[in-house]
Structures are given as structure tokens and as C-alpha cells.
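Data block for structure10.cif (mmCIF, C-alpha atoms):
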data_my_file
loop_
_atom_site.label_atom_id
_atom_site.label_comp_id
_atom_site.auth_asym_id
_atom_site.auth_seq_id
_atom_site.Cartn_x
_atom_site.Cartn_y
_atom_site.Cartn_z
CA MET A 1 -0.08 -12.12 7.61
CA PHE A 2 1.74 -15.41 7.14
CA THR A 3 -1.41 -17.01 5.71
CA LEU A 4 -1.64 -14.23 3.13
CA THR A 5 2.09 -14.49 2.45
CA LEU A 6 1.52 -18.14 1.59
CA ALA A 7 -1.42 -17.11 -0.60
CA SER A 8 0.84 -14.64 -2.41
CA MET A 9 2.71 -17.60 -3.90
CA ILE A 10 -0.28 -17.96 -6.25
CA VAL A 11 0.44 -14.48 -7.59
CA ILE A 12 4.13 -15.23 -8.09
CA LEU A 13 3.58 -18.54 -9.90
CA PHE A 14 0.95 -17.31 -12.34
CA SER A 15 2.69 -13.99 -12.97
CA VAL A 16 5.84 -15.70 -14.21
CA ARG A 17 4.18 -18.80 -15.70
CA LEU A 18 0.50 -18.70 -16.68
CA ARG A 19 -0.21 -22.30 -17.73
CA ARG A 20 -3.35 -24.43 -17.60
CA ASP A 21 -1.49 -27.55 -16.47
CA ASP A 22 0.03 -25.63 -13.53
CA ALA A 23 -3.45 -24.49 -12.50
CA ILE A 24 -4.66 -28.12 -12.55
CA PHE A 25 -1.70 -29.22 -10.40
CA VAL A 26 -2.33 -26.37 -7.92
CA ILE A 27 -6.02 -27.26 -7.58
CA GLY A 28 -5.22 -30.94 -7.06
CA LEU A 29 -2.51 -30.28 -4.49
CA THR A 30 -4.75 -27.79 -2.67
CA ILE A 31 -7.47 -30.42 -2.28
CA LEU A 32 -4.86 -32.93 -1.11
CA HIS A 33 -3.52 -30.48 1.51
CA GLY A 34 -7.06 -29.86 2.76
CA VAL A 35 -7.86 -33.57 3.03
CA VAL A 36 -4.67 -34.25 4.98
CA ALA A 37 -5.14 -31.24 7.30
CA PHE A 38 -8.86 -31.55 8.05
CA MET A 39 -9.52 -35.29 7.74
CA LEU A 40 -6.27 -36.88 8.88
CA PHE A 41 -4.86 -34.34 11.34
CA TYR A 42 -8.30 -32.93 12.35
CA LEU A 43 -7.16 -29.31 12.24
CA PRO A 44 -9.88 -26.74 13.07
CA TYR A 45 -11.59 -25.73 9.85
CA HIS A 46 -11.35 -22.17 8.60
CA SER A 47 -12.09 -21.10 5.05
CA ILE A 48 -9.02 -18.83 4.80
CA LEU A 49 -6.81 -21.91 5.19
CA TRP A 50 -7.74 -22.89 1.64
CA LEU A 51 -5.87 -19.79 0.48
CA ALA A 52 -2.84 -20.89 2.46
CA TYR A 53 -3.00 -24.41 0.98
CA ALA A 54 -3.39 -23.01 -2.55
CA GLY A 55 -0.38 -20.79 -1.96
CA LEU A 56 1.66 -23.67 -0.60
CA SER A 57 0.69 -25.79 -3.62
CA SER A 58 1.70 -22.95 -5.94
CA PHE A 59 5.05 -22.78 -4.17
CA TRP A 60 5.69 -26.50 -4.75
CA VAL A 61 4.76 -26.21 -8.42
CA LEU A 62 7.01 -23.15 -8.82
CA CYS A 63 9.98 -24.98 -7.28
CA VAL A 64 9.42 -28.04 -9.49
CA ARG A 65 9.13 -25.88 -12.61
CA ALA A 66 12.31 -24.03 -11.65
CA ILE A 67 14.20 -27.34 -11.55
CA TRP A 68 12.66 -28.92 -14.63
CA SER A 69 12.09 -26.23 -17.20
CA LYS A 70 13.40 -25.09 -20.54
CA GLU A 71 16.71 -23.29 -20.58
CA SER A 72 15.06 -20.04 -21.72
CA ASP A 73 12.67 -20.00 -18.73
CA ARG A 74 14.96 -21.36 -16.05
CA LYS A 75 16.56 -18.08 -14.99
CA VAL A 76 13.23 -16.33 -14.45
CA LEU A 77 11.75 -19.32 -12.59
CA TRP A 78 14.81 -19.67 -10.37
CA PHE A 79 14.66 -15.98 -9.48
CA ALA A 80 10.93 -16.24 -8.78
CA ALA A 81 11.43 -19.32 -6.57
CA PHE A 82 14.28 -17.65 -4.69
CA SER A 83 12.13 -14.54 -4.12
CA ALA A 84 9.28 -16.71 -2.85
CA ILE A 85 11.60 -18.45 -0.39
CA LEU A 86 12.84 -15.07 0.86
CA LEU A 87 9.30 -13.78 1.38
CA LEU A 88 8.24 -16.89 3.30
CA THR A 89 11.41 -16.97 5.41
CA VAL A 90 11.23 -13.33 6.46
CA GLU A 91 7.49 -13.43 7.21
CA SER A 92 7.73 -16.70 9.16
CA GLY A 93 10.24 -15.12 11.53
CA ALA A 94 8.41 -11.81 11.97
CA ALA A 95 6.30 -12.88 14.96
CA SER A 96 9.32 -14.24 16.86
CA VAL A 97 11.32 -11.07 16.24
CA LEU A 98 8.48 -8.83 17.46
CA THR A 99 8.08 -10.99 20.57
CA TRP A 100 11.78 -10.51 21.21
CA THR A 101 11.42 -6.72 20.97
CA GLU A 102 8.71 -6.86 23.63
CA ARG A 103 11.03 -8.75 25.97
CA MET A 104 13.86 -6.31 25.28
CA HIS A 105 11.68 -3.23 25.90
CA PRO A 106 9.08 -3.84 28.61
CA LYS A 107 8.19 -0.12 28.57
CA VAL A 108 7.17 1.95 25.57
CA LEU A 109 7.28 5.62 24.48
CA ASP A 110 3.73 5.94 23.17
CA LEU A 111 2.95 9.05 25.21
CA PHE A 112 5.71 10.92 23.37
CA LEU A 113 4.09 10.11 20.02
CA TYR A 114 0.63 10.93 21.34
CA SER A 115 1.93 14.29 22.54
CA PHE A 116 3.38 15.14 19.15
CA ASP A 117 0.14 14.29 17.37
CA GLY A 118 -1.67 16.52 19.84
CA SER A 119 0.64 19.44 19.02
CA LEU A 120 -0.78 19.37 15.47
CA GLY A 121 -4.11 20.64 16.78
CA THR A 122 -6.02 17.35 16.57
CA GLN A 123 -5.42 13.66 17.07
CA ILE A 124 -5.63 12.52 13.45
CA SER A 125 -5.48 8.83 14.31
CA PHE A 126 -8.42 9.24 16.71
CA GLN A 127 -10.41 11.12 14.04
CA MET A 128 -9.82 8.30 11.55
CA GLY A 129 -10.66 5.73 14.22
CA MET A 130 -14.02 7.40 14.82
CA ALA A 131 -14.65 7.47 11.06
CA PHE A 132 -13.98 3.73 10.94
CA ALA A 133 -16.42 3.21 13.82
CA ARG A 134 -19.15 5.15 11.99
CA TRP A 135 -18.61 3.67 8.53
CA SER A 136 -17.96 -0.04 8.80
CA LEU A 137 -17.70 -0.39 5.01
CA LEU A 138 -14.78 2.05 4.92
CA ARG A 139 -13.12 0.19 7.78
CA ASN A 140 -13.58 -3.22 6.16
CA ILE A 141 -12.17 -2.05 2.82
CA ALA A 142 -9.17 -0.37 4.47
CA VAL A 143 -8.45 -3.38 6.67
CA PHE A 144 -8.71 -5.66 3.63
CA PHE A 145 -5.90 -3.73 1.94
CA TYR A 146 -3.94 -3.42 5.19
CA GLN A 147 -3.93 -7.16 5.78
CA GLY A 148 -3.47 -7.95 2.09
CA LEU A 149 -0.08 -6.23 1.91
CA PRO A 150 1.84 -9.49 1.20
CA ILE A 151 -0.25 -9.94 -1.96
CA ALA A 152 0.79 -6.50 -3.23
CA ILE A 153 4.45 -7.14 -2.41
CA ALA A 154 4.37 -10.43 -4.29
CA LEU A 155 2.57 -8.83 -7.25
CA ILE A 156 5.18 -6.09 -7.73
CA CYS A 157 8.08 -8.49 -7.33
CA ALA A 158 6.56 -11.03 -9.70
CA GLN A 159 5.71 -8.44 -12.36
CA HIS A 160 9.29 -7.17 -12.40
CA ILE A 161 10.65 -10.72 -12.55
CA ALA A 162 8.27 -11.79 -15.31
CA GLY A 163 8.98 -8.62 -17.30
CA ARG A 164 12.74 -9.06 -16.80
CA THR A 165 13.00 -5.39 -15.91
CA GLY A 166 16.13 -3.73 -14.64
CA LYS A 167 14.39 -3.10 -11.31
CA ALA A 168 13.67 -6.74 -10.43
CA VAL A 169 16.59 -7.28 -8.04
CA SER A 170 16.12 -3.87 -6.39
CA ALA A 171 12.36 -4.33 -5.95
CA VAL A 172 12.67 -7.81 -4.43
CA SER A 173 15.51 -6.79 -2.11
CA ALA A 174 13.81 -3.62 -0.89
CA LEU A 175 10.34 -5.09 -0.38
CA VAL A 176 11.61 -8.22 1.37
CA LEU A 177 14.23 -6.57 3.59
CA THR A 178 12.17 -3.55 4.68
CA GLY A 179 10.88 -5.63 7.59
CA PRO A 180 14.23 -6.75 9.03
CA ILE A 181 15.68 -3.25 8.65
CA GLY A 182 12.62 -1.71 10.28
CA VAL A 183 13.03 -3.88 13.38
CA ILE A 184 16.30 -2.06 14.10
CA PHE A 185 14.42 1.25 14.29
CA TYR A 186 11.65 -0.33 16.37
CA ASN A 187 14.25 -0.99 19.04
CA LEU A 188 15.47 2.61 18.93
CA PHE A 189 11.98 3.94 19.70
CA PRO A 190 9.73 1.18 21.10
CA ALA A 191 6.04 2.01 20.77
CA LEU A 192 2.78 0.15 20.17
CA GLY A 193 0.07 2.42 18.79
CA PRO A 194 -2.84 4.09 20.64
CA ARG A 195 -5.13 1.05 20.48
CA LEU A 196 -2.88 -0.91 22.83
CA ILE A 197 -2.42 1.84 25.45
CA PRO A 198 -5.43 1.60 27.81
CA GLN A 199 -5.11 5.12 29.26
CA LEU A 200 -5.46 6.68 25.78
CA GLN A 201 -8.96 5.16 25.31
CA PHE A 202 -8.74 4.98 21.52
CA PRO A 203 -10.64 6.28 19.56
CA PHE A 204 -13.52 8.07 21.34
CA HIS A 205 -11.83 9.79 24.26
CA ALA A 206 -8.96 11.87 22.96
CA MET A 207 -7.54 14.29 25.53
CA SER A 208 -8.09 17.99 25.14
CA ARG A 209 -5.26 20.18 23.92
CA ALA A 210 -4.58 21.44 27.45
CA GLN A 211 -4.50 17.91 28.85
CA THR A 212 -2.16 16.71 26.12
CA MET A 213 0.14 19.71 26.54
CA ASN A 214 0.52 18.96 30.26
CA LEU A 215 0.76 15.20 29.80
CA ALA A 216 3.66 13.67 31.74
CA LEU A 217 5.95 12.16 29.12
CA VAL A 218 7.08 8.93 30.73
CA GLU A 219 7.60 5.39 29.59
CA VAL A 220 4.62 3.14 30.25
CA SER A 221 4.31 -0.62 30.56
CA ALA A 222 2.14 -2.30 27.94
CA HIS A 223 1.82 -5.60 26.13
CA GLY A 224 2.09 -5.89 22.37
CA PRO A 225 4.54 -5.78 19.48
CA ARG A 226 6.90 -2.80 19.43
CA ASN A 227 6.26 -1.96 15.79
CA ALA A 228 4.83 1.58 15.64
CA ILE A 229 7.53 3.94 14.37
CA PRO A 230 8.47 4.16 11.59
CA SER A 231 5.31 2.74 10.03
CA LEU A 232 6.57 -0.12 7.87
CA HIS A 233 3.14 -0.51 6.28
CA MET A 234 3.46 3.08 5.08
CA ALA A 235 6.99 2.45 3.85
CA TRP A 236 5.92 -0.74 2.07
CA VAL A 237 3.02 0.81 0.18
CA LEU A 238 5.19 3.77 -0.86
CA LEU A 239 7.82 1.36 -2.19
CA ILE A 240 5.08 -0.62 -3.94
CA TRP A 241 3.85 2.57 -5.60
CA TRP A 242 7.35 3.66 -6.62
CA TYR A 243 8.31 0.23 -7.95
CA SER A 244 5.06 -0.03 -9.90
CA ARG A 245 6.41 2.58 -12.34
CA GLY A 246 6.81 1.09 -15.78
CA LEU A 247 4.41 -1.77 -15.09
CA SER A 248 0.94 -2.15 -16.60
CA TRP A 249 -1.85 0.30 -15.79
CA TRP A 250 -3.82 -2.20 -13.74
CA VAL A 251 -0.80 -2.93 -11.53
CA ARG A 252 -0.37 0.82 -11.02
CA GLY A 253 -4.05 1.06 -10.10
CA ILE A 254 -3.75 -1.73 -7.53
CA ALA A 255 -0.64 -0.08 -6.07
CA MET A 256 -2.50 3.23 -5.70
CA LEU A 257 -5.42 1.54 -3.92
CA PHE A 258 -3.02 -0.12 -1.50
CA LEU A 259 -1.32 3.23 -0.87
CA ILE A 260 -4.57 5.08 -0.09
CA PHE A 261 -6.38 2.46 1.99
CA THR A 262 -3.33 1.16 3.85
CA ALA A 263 -2.41 4.70 4.92
CA ALA A 264 -5.96 5.12 6.24
CA ALA A 265 -5.96 1.73 7.98
CA THR A 266 -2.65 2.26 9.77
CA ILE A 267 -4.12 5.09 11.84
CA GLY A 268 -7.81 4.19 11.70
CA THR A 269 -7.24 0.82 13.37
CA GLY A 270 -5.13 2.39 16.13
CA GLU A 271 -2.00 0.54 15.09
CA HIS A 272 -0.10 3.80 14.50
CA TYR A 273 0.06 7.47 15.33
CA PHE A 274 0.04 9.99 12.52
CA VAL A 275 3.71 10.83 13.05
CA ASP A 276 4.57 7.15 12.44
CA LEU A 277 3.39 7.56 8.85
CA VAL A 278 5.40 10.76 8.44
CA VAL A 279 8.62 9.06 9.59
CA GLY A 280 7.81 6.12 7.33
CA VAL A 281 8.28 8.34 4.27
CA PRO A 282 12.02 9.17 4.65
CA PHE A 283 12.54 5.59 5.83
CA ALA A 284 11.09 4.37 2.52
CA VAL A 285 13.42 6.73 0.62
CA PHE A 286 16.34 5.32 2.61
CA VAL A 287 15.41 1.74 1.72
CA GLU A 288 14.86 2.54 -1.96
CA GLY A 289 18.21 4.30 -2.18
CA LEU A 290 19.99 1.52 -0.32
CA PHE A 291 18.84 -1.08 -2.84
CA SER A 292 19.16 0.97 -6.03
CA PHE A 293 21.45 -1.60 -7.60
CA ASP A 294 20.87 -0.16 -11.07
CA LEU A 295 22.83 2.95 -10.06
CA ALA A 296 26.54 3.30 -9.47
CA ARG A 297 27.60 2.81 -5.86
CA LEU A 298 28.77 6.43 -5.52
CA ASP A 299 26.02 8.01 -7.60
CA ARG A 300 25.33 11.46 -6.17
CA ARG A 301 21.53 11.13 -6.15
CA LYS A 302 21.70 7.67 -4.62
CA LEU A 303 23.96 8.86 -1.81
CA ALA A 304 21.70 11.87 -1.23
CA ALA A 305 18.62 9.64 -0.91
CA VAL A 306 20.32 7.22 1.48
CA ALA A 307 21.81 10.01 3.60
CA TRP A 308 18.60 12.03 3.75
CA GLY A 309 16.38 9.02 4.48
CA LEU A 310 18.60 7.71 7.27
CA CYS A 311 19.32 11.10 8.86
CA ALA A 312 15.68 12.22 8.68
CA THR A 313 14.45 8.98 10.25
CA LEU A 314 16.99 9.09 13.07
CA GLY A 315 16.48 12.83 13.48
CA TRP A 316 12.74 12.43 13.95
CA LEU A 317 13.24 9.67 16.52
CA ALA A 318 15.67 11.86 18.48
CA LEU A 319 13.41 14.92 18.39
CA LEU A 320 10.34 12.96 19.43
CA ARG A 321 12.23 11.46 22.37
CA PHE A 322 14.18 14.42 23.70
CA GLU A 323 12.77 17.69 22.30
CA ASN A 324 9.02 17.19 22.51
CA PRO A 325 8.29 20.57 24.26
CA VAL A 326 9.53 22.39 21.13
CA PHE A 327 6.52 21.14 19.16
CA TRP A 328 4.13 22.86 21.56
CA ILE A 329 5.46 26.37 20.97
CA SER A 330 3.21 26.69 17.93
CA PRO A 331 1.43 24.26 15.57
CA VAL A 332 3.43 25.89 12.78
CA ILE A 333 6.58 24.12 14.03
CA PRO A 334 5.37 20.48 13.82
CA TRP A 335 3.40 21.08 10.62
CA GLY A 336 6.37 22.86 9.08
CA MET A 337 8.63 19.93 9.95
CA ILE A 338 6.16 17.47 8.43
CA ILE A 339 5.85 19.44 5.19
CA THR A 340 9.63 19.89 4.96
CA THR A 341 10.17 16.16 5.51
CA LEU A 342 7.65 15.20 2.84
CA VAL A 343 8.95 17.71 0.29
CA LEU A 344 12.62 16.79 0.73
CA SER A 345 11.74 13.09 0.63
CA TRP A 346 9.83 13.65 -2.61
CA ILE A 347 12.79 15.54 -4.12
CA CYS A 348 15.25 12.78 -3.18
CA GLU A 349 12.97 10.03 -4.47
CA ARG A 350 12.41 11.86 -7.75
CA GLY A 351 16.16 12.21 -8.05
CA LEU A 352 16.55 8.47 -7.61
CA HIS A 353 13.92 7.78 -10.25
CA SER A 354 15.38 10.21 -12.80
CA ALA A 355 18.87 8.81 -12.21
CA ALA A 356 17.59 5.28 -12.84
CA VAL A 357 15.82 6.38 -16.03
CA THR A 358 19.00 8.05 -17.26
CA GLU A 359 21.04 4.93 -16.54
CA ARG A 360 18.60 2.77 -18.49
CA LYS A 361 18.69 5.16 -21.47
CA ILE A 362 22.48 5.11 -21.51
CA TYR A 363 22.50 1.32 -21.15
CA PHE A 364 20.26 0.87 -24.17
CA GLY A 365 22.25 3.41 -26.16
CA LEU A 366 19.49 5.97 -26.40
CA GLU A 367 21.78 8.81 -25.41
CA SER A 368 24.96 7.60 -27.00
CA PRO A 369 26.60 10.26 -29.23
CA LEU A 370 27.51 7.52 -31.68
CA LEU A 371 23.82 6.76 -32.15
CA GLY A 372 23.10 10.32 -33.18
CA ALA A 373 25.94 10.31 -35.70
CA ALA A 374 24.88 7.00 -37.08
CA ALA A 375 21.27 8.04 -37.35
CA GLY A 376 22.14 11.23 -39.14
CA SER A 377 24.32 9.64 -41.78
CA THR A 378 23.35 7.50 -44.72
CA PRO A 379 25.66 4.56 -45.35
CA LYS A 380 27.00 4.09 -48.86
CA SER A 381 25.54 1.21 -50.84
CA HIS A 382 27.86 -1.32 -52.41
CA THR A 383 27.16 -3.75 -55.13
#

Give the structure from this file in C-alpha cells form.
Amino acid sequence: MFTLTLASMIVILFSVRLRRDDAIFVIGLTILHGVVAFMLFYLPYHSILWLAYAGLSSFWVLCVRAIWSKESDRKVLWFAAFSAILLLTVESGAASVLTWTERMHPKVLDLFLYSFDGSLGTQISFQMGMAFARWSLLRNIAVFFYQGLPIAIALICAQHIAGRTGKAVSAVSALVLTGPIGVIFYNLFPALGPRLIPQLQFPFHAMSRAQTMNLALVEVSAHGPRNAIPSLHMAWVLLIWWYSRGLSWWVRGIAMLFLIFTAAATIGTGEHYFVDLVVGVPFAVFVEGLFSFDLARLDRRKLAAVAWGLCATLGWLALLRFENPVFWISPVIPWGMIITTLVLSWICERGLHSAAVTERKIYFGLESPLLGAAAGSTPKSHT
């Protein structure tokens, strides 16, 4: 992930400044990095490292251009460089933070999540895992998008910065800080994903409904990062899709591909349970509302989105931990809760979007009553 985060610097540089001389500098610096790494320090060769070196070279060029640039371009370049530094800083510390969560929580609650998924009538993550095993092409494509998430994050941020849109600050803040905020929730409900729990035998040996219903819900010891619920990959691709509004059609297309294939990869690779994706939806609404800087602090729709997203996320974690038997009364109960969560999240997110559109119209004077009066009157001519 950090290698691809470095590579995403290429996207940021050439989104905000597409210049031939910058491309020449990046190529030259990339070759220099490779010579130093492989010939002087004798690092093990791997082709993907060239992407990292190209990204690092792009980062240096971006920083230099931000310092020495024309006055008209300096603000955009400074913002782009600052965003790049934030992305690299947060991603570089991710592994250490997840290692810390493992030390803090030696036991995990995966069986609780497995039980909920079983109450739906089928283990959806196991079904997708078997599909991945049968169709390697599908798996490879999905994993490509799953691992390439930093590229999509950088693309959306860079497009907003380059376009000087009113969503630039919100998009950068939300997409960069989703990770640190998500770690807080990881500690509230530590879990790994079915792939890392040996007794679940992912993906070919899902328990029967009767076995899952009578499964003893206890904490189990397991090694791995506690990063299952809420699914931050799901939250990220939803935010990417929402923040791609107003950008070019090809950016919207890329965002949609990331949304579809990343959602499939999160469960097909065994990194998440299906319920992790469900909880990731209100969490994404919470993050979007929290960083809606283009709205007033006490805007009703903003407060509704933040309150709903936070309460729904915490509510799901509490129910999954303490009220799991309720889900087994009838499949209608868990499916009804999922549908309700998705519908209310959609309503709150649409409210956020419509509020932002209204604010932009007012800002540009499109709904000003004075504009209507002025447009409807013909000024007198004077000689």
C-alpha cells in the first residue's frame, strides 16, 4: 500500500501540472533512484519499486515547483504538495498503528461477525471467495483495484485541487483522515476477517446454518491486523464515488470501477465479513458530514448526516457484540436492518449533496433575488 501511495504522487503532480519538462525531470530522477538503490545499496530488485521511485521523484518535483512557481500557480501547487505530504505521512504510519492494535487486543470478535453473516441465510464472503477461486481473472481484477486504492484517492484529491473546486479541502480531509478515524472503531470491535481465523476454513468450508446458530460466541486468539469493521476500503470507495461528482466523465468511470471491484475484493479475499461493508456505509456518511466544510457548522442536513453516521456505526457495533441472538429469530430481522441502514444512509448523503449544491448556487448568486430583478429589467441607456 505504501509503494502505491508513493506511486500516487505521479497522479497528483501531473493532474495539477502537466508539463513536458516535469516529465523529463521525473524520468531522470527515477533512473537515478534506481541506480542508487540497486547498484550502490544492492537492494533486492523488484519491478514494482520503479513505481515507487517514479512517485518519489514526482513528489520532489512537486515540492520544488511549489516553492519556485508563478504567483498564479503557487496556491494550487502548495495545496497539492501539502496533500501529498499528508497522504504519505498517514500511510507510512498505518502499519505501526495496526501492529499496536494487535498488541492492545490479543483476542478478536470474529465469531460474532461470522454468526451475523450466517443469520442472513448464507455466508456471502465465503460465496465470493469461492467465486474468486474459480475465476482467477475476476480475482486478479478485483485485487488490482483493492490494492490500487491510494491511486484513486490521489486522483480525486488532485482533480479537485487542479479544478479549484469548492470541495477540494473537504475531499482531501475526508479521504486522508478516514484511516486514522477508522482505527478508533477498530479498537471498539477488534476483528480480522475470515481468512485469518483458522477454524473458519475460508472459503470452502462454511458451517451449516445449524452449526452457525449454535456456535459459541467467544473471543478467539489470532494474529493479524485488527482492521475488519467498519470496512475502511468500503468507506473509501464510497467517498471516492461521492466526491467524484462534478468531475469529468472518465474520473467518474474510474470511481465506479473502484467501487464495484473493491467491494467484491473486500469479501472475496477474506479480509472482511459482509456486515463489515454494511457498517462501512454509515461510517462513510459520518466522515463526509464531518468534513463538509462548504456547509455551515450548524446546517441541519450536515448535523443529521454526522449524527446518523456515528450513531448507526456505534449502534451496529453494540448490537453485533451484545445482541447477536436477536438476528437468529428470523432472516427478516438482519436483512431488514441492513436495508434500513442503507436507505437512511442514502437519504442523509443525498441531503448533504443537495445542501452543498444549494450553498454553491447561493455563493455564485444563482438564487439571489437581486439577480432575478436585474435580469428582468432593462437598464436605461445614456448618451

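CA of Leu310 (chain A) is positioned 5.7 Å from CA of Phe286 (chain A).
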
Let me know the residues the PyMOL selection byres ((chain A and resi 100) around 12) catches in the file above, as a short mmCIF file (atom, residue, chain, number, x, y, z; two decimals) with C-alpha atoms, keeping the file's coordinate frame.
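Dumped to part.cif:
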data_model
loop_
_atom_site.label_atom_id
_atom_site.label_comp_id
_atom_site.auth_asym_id
_atom_site.auth_seq_id
_atom_site.Cartn_x
_atom_site.Cartn_y
_atom_site.Cartn_z
CA GLY A 93 10.24 -15.12 11.53
CA ALA A 94 8.41 -11.81 11.97
CA ALA A 95 6.30 -12.88 14.96
CA SER A 96 9.32 -14.24 16.86
CA VAL A 97 11.32 -11.07 16.24
CA LEU A 98 8.48 -8.83 17.46
CA THR A 99 8.08 -10.99 20.57
CA THR A 101 11.42 -6.72 20.97
CA GLU A 102 8.71 -6.86 23.63
CA ARG A 103 11.03 -8.75 25.97
CA MET A 104 13.86 -6.31 25.28
CA HIS A 105 11.68 -3.23 25.90
CA PRO A 106 9.08 -3.84 28.61
CA VAL A 183 13.03 -3.88 13.38
CA ILE A 184 16.30 -2.06 14.10
CA TYR A 186 11.65 -0.33 16.37
CA ASN A 187 14.25 -0.99 19.04
CA PRO A 190 9.73 1.18 21.10
CA GLY A 224 2.09 -5.89 22.37
CA PRO A 225 4.54 -5.78 19.48
CA ARG A 226 6.90 -2.80 19.43
CA ASN A 227 6.26 -1.96 15.79
#

### Query
Got a sec to resolve the PyMOL selection byres ((chain A and resi 247) around 12) on this structure and send the residues as a list of chain:residue names?
A:Leu155, A:Ile156, A:Cys157, A:Ala158, A:Gln159, A:His160, A:Ile161, A:Ala162, A:Gly163, A:Arg164, A:Thr165, A:Gly166, A:Lys167, A:Ala168, A:Ile240, A:Trp241, A:Trp242, A:Tyr243, A:Ser244, A:Arg245, A:Gly246, A:Ser248, A:Trp249, A:Trp250, A:Val251, A:Arg252, A:Gly253, A:Ile254, A:Ala255

### Message
Please list as number ranges by chain every residue within 9 Å of Ala264 (chain A), counting all atoms listed in the file and excluding residues in the same chain fewer than 5 positions away.
### Response
A: 125, 128, 139, 142-143, 146, 259, 269

### Task
Please provide the set of residues having any atom within 12 Å of Gly315 (chain A), restricted to all atoms listed in the file, with same-chain residues fewer than 6 positions apart removed, written as a ChimeraX atom specification.
/A:185,188-189,230,279,282-283,307-309,321-323,337,341

### Proximity to Leu352 (chain A) - best of A:Ile329, A:Ala216, A:Val287, A:Ala263, only C-alpha atoms
A:Val287

### Task
On this file, the PyMOL selection byres ((chain A and resi 16) around 12) gives some set of residues; write that set as JSON, numbers by chain.
{"A": [9, 10, 11, 12, 13, 14, 15, 17, 18, 19, 22, 58, 62, 65, 66, 73, 74, 75, 76, 77, 78, 79, 80, 81, 83, 84, 154, 155, 156, 157, 158, 159, 160, 161, 162, 163, 164]}

Output C-alpha atoms for every residue in that selection, as a short mmCIF file (atom, residue, chain, number, x, y, z; two decimals), in the frame of the given file.
data_model
loop_
_atom_site.label_atom_id
_atom_site.label_comp_id
_atom_site.auth_asym_id
_atom_site.auth_seq_id
_atom_site.Cartn_x
_atom_site.Cartn_y
_atom_site.Cartn_z
CA MET A 9 2.71 -17.60 -3.90
CA ILE A 10 -0.28 -17.96 -6.25
CA VAL A 11 0.44 -14.48 -7.59
CA ILE A 12 4.13 -15.23 -8.09
CA LEU A 13 3.58 -18.54 -9.90
CA PHE A 14 0.95 -17.31 -12.34
CA SER A 15 2.69 -13.99 -12.97
CA ARG A 17 4.18 -18.80 -15.70
CA LEU A 18 0.50 -18.70 -16.68
CA ARG A 19 -0.21 -22.30 -17.73
CA ASP A 22 0.03 -25.63 -13.53
CA SER A 58 1.70 -22.95 -5.94
CA LEU A 62 7.01 -23.15 -8.82
CA ARG A 65 9.13 -25.88 -12.61
CA ALA A 66 12.31 -24.03 -11.65
CA ASP A 73 12.67 -20.00 -18.73
CA ARG A 74 14.96 -21.36 -16.05
CA LYS A 75 16.56 -18.08 -14.99
CA VAL A 76 13.23 -16.33 -14.45
CA LEU A 77 11.75 -19.32 -12.59
CA TRP A 78 14.81 -19.67 -10.37
CA PHE A 79 14.66 -15.98 -9.48
CA ALA A 80 10.93 -16.24 -8.78
CA ALA A 81 11.43 -19.32 -6.57
CA SER A 83 12.13 -14.54 -4.12
CA ALA A 84 9.28 -16.71 -2.85
CA ALA A 154 4.37 -10.43 -4.29
CA LEU A 155 2.57 -8.83 -7.25
CA ILE A 156 5.18 -6.09 -7.73
CA CYS A 157 8.08 -8.49 -7.33
CA ALA A 158 6.56 -11.03 -9.70
CA GLN A 159 5.71 -8.44 -12.36
CA HIS A 160 9.29 -7.17 -12.40
CA ILE A 161 10.65 -10.72 -12.55
CA ALA A 162 8.27 -11.79 -15.31
CA GLY A 163 8.98 -8.62 -17.30
CA ARG A 164 12.74 -9.06 -16.80
#

### Task
Please provide as a list in words all residues within 7 Å of Val306 (chain A), with the sequence filter that same-chain residues fewer than 5 positions apart are discarded (counting only C-alpha atoms).
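The residues satisfying every condition are Val285, Phe286, Gly289 and Leu290 of chain A.
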
### Query
Could you name the residues that touch Leu196 (chain A) at 12 Å or less, counting only C-alpha atoms, but leaving out those on the same chain fewer than 4 positions away, as number ranges by chain?
A: 108, 110-111, 191-192, 200-203, 220-228, 269-273

### Task
Kindly indicate which residue among A:Val26, A:Ala131, A:Val90, A:Cys348 lies nearest to Trp60 (chain A), using all atoms listed in the file for the distances.
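Distance minimum relative to Trp60 (chain A) lands on A:Val26.
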
Exercise: residues within 7 Å of coordinate (-1.4, -21.9, -2.0), counting only C-alpha atoms, as a tab-separated table (two decimals) with C-alpha atoms, in the frame of the given file:
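Listed below is the output, result.tsv:
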chain	number	residue	atom	x	y	z
A	6	LEU	CA	1.52	-18.14	1.59
A	7	ALA	CA	-1.42	-17.11	-0.60
A	9	MET	CA	2.71	-17.60	-3.90
A	10	ILE	CA	-0.28	-17.96	-6.25
A	30	THR	CA	-4.75	-27.79	-2.67
A	51	LEU	CA	-5.87	-19.79	0.48
A	52	ALA	CA	-2.84	-20.89	2.46
A	53	TYR	CA	-3.00	-24.41	0.98
A	54	ALA	CA	-3.39	-23.01	-2.55
A	55	GLY	CA	-0.38	-20.79	-1.96
A	56	LEU	CA	1.66	-23.67	-0.60
A	57	SER	CA	0.69	-25.79	-3.62
A	58	SER	CA	1.70	-22.95	-5.94
A	59	PHE	CA	5.05	-22.78	-4.17

### Å distance separating CA of Leu87 (chain A) from CA of Thr5 (chain A), one decimal place
7.3 Å

### Query
What does the distance between CA of Ile67 (chain A) and CA of Phe82 (chain A) come to in Å, to one decimal place?
11.9 Å

### Message
Ranking A:Met213, A:Val36, A:Ala355, A:Leu317 by minimum distance to Gly121 (chain A) and counting only C-alpha atoms, which one comes first?
### Response
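Selected residue with least distance to Gly121 (chain A): A:Met213.
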
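For the residues A:Asp21, A:Glu288, A:Asp276, A:Glu71, ranking by smallest atom-to-atom distance to Val172 (chain A) using only C-alpha atoms places A:Glu288 first.
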
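With only C-alpha atoms as the atoms that count, the residue of A:Ala356, A:Leu137, A:Ser208, A:Val61 with the shortest distance to Ile24 (chain A) is A:Val61.
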
### Task
Excluding Gln211 (chain A) and any residue of its chain fewer than 6 positions from it, enumerate the residues within 12 Å of it, using all atoms listed in the file, and give them as a count of residues only.
7

Since the input has fewer atoms than a full residue there, write region 243-247 of chain A out with N, CA, C and O atoms, as a CSV table (one decimal), keeping the file's coordinate frame.
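Okay, rebuild_23.csv is ready:
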chain,number,residue,atom,x,y,z
A,243,TYR,N,7.8,1.3,-7.1
A,243,TYR,CA,8.3,0.2,-8.0
A,243,TYR,C,7.3,-0.2,-9.0
A,243,TYR,O,7.6,-1.0,-9.9
A,244,SER,N,6.1,0.3,-8.9
A,244,SER,CA,5.1,0.0,-9.9
A,244,SER,C,5.2,0.8,-11.2
A,244,SER,O,4.6,0.5,-12.2
A,245,ARG,N,6.1,1.8,-11.1
A,245,ARG,CA,6.4,2.6,-12.3
A,245,ARG,C,6.9,1.7,-13.5
A,245,ARG,O,7.8,0.8,-13.2
A,246,GLY,N,6.4,1.9,-14.6
A,246,GLY,CA,6.8,1.1,-15.8
A,246,GLY,C,6.0,-0.2,-16.0
A,246,GLY,O,6.2,-0.9,-17.0
A,247,LEU,N,5.2,-0.6,-15.0
A,247,LEU,CA,4.4,-1.8,-15.1
A,247,LEU,C,3.1,-1.4,-15.7
A,247,LEU,O,2.8,-0.3,-16.0
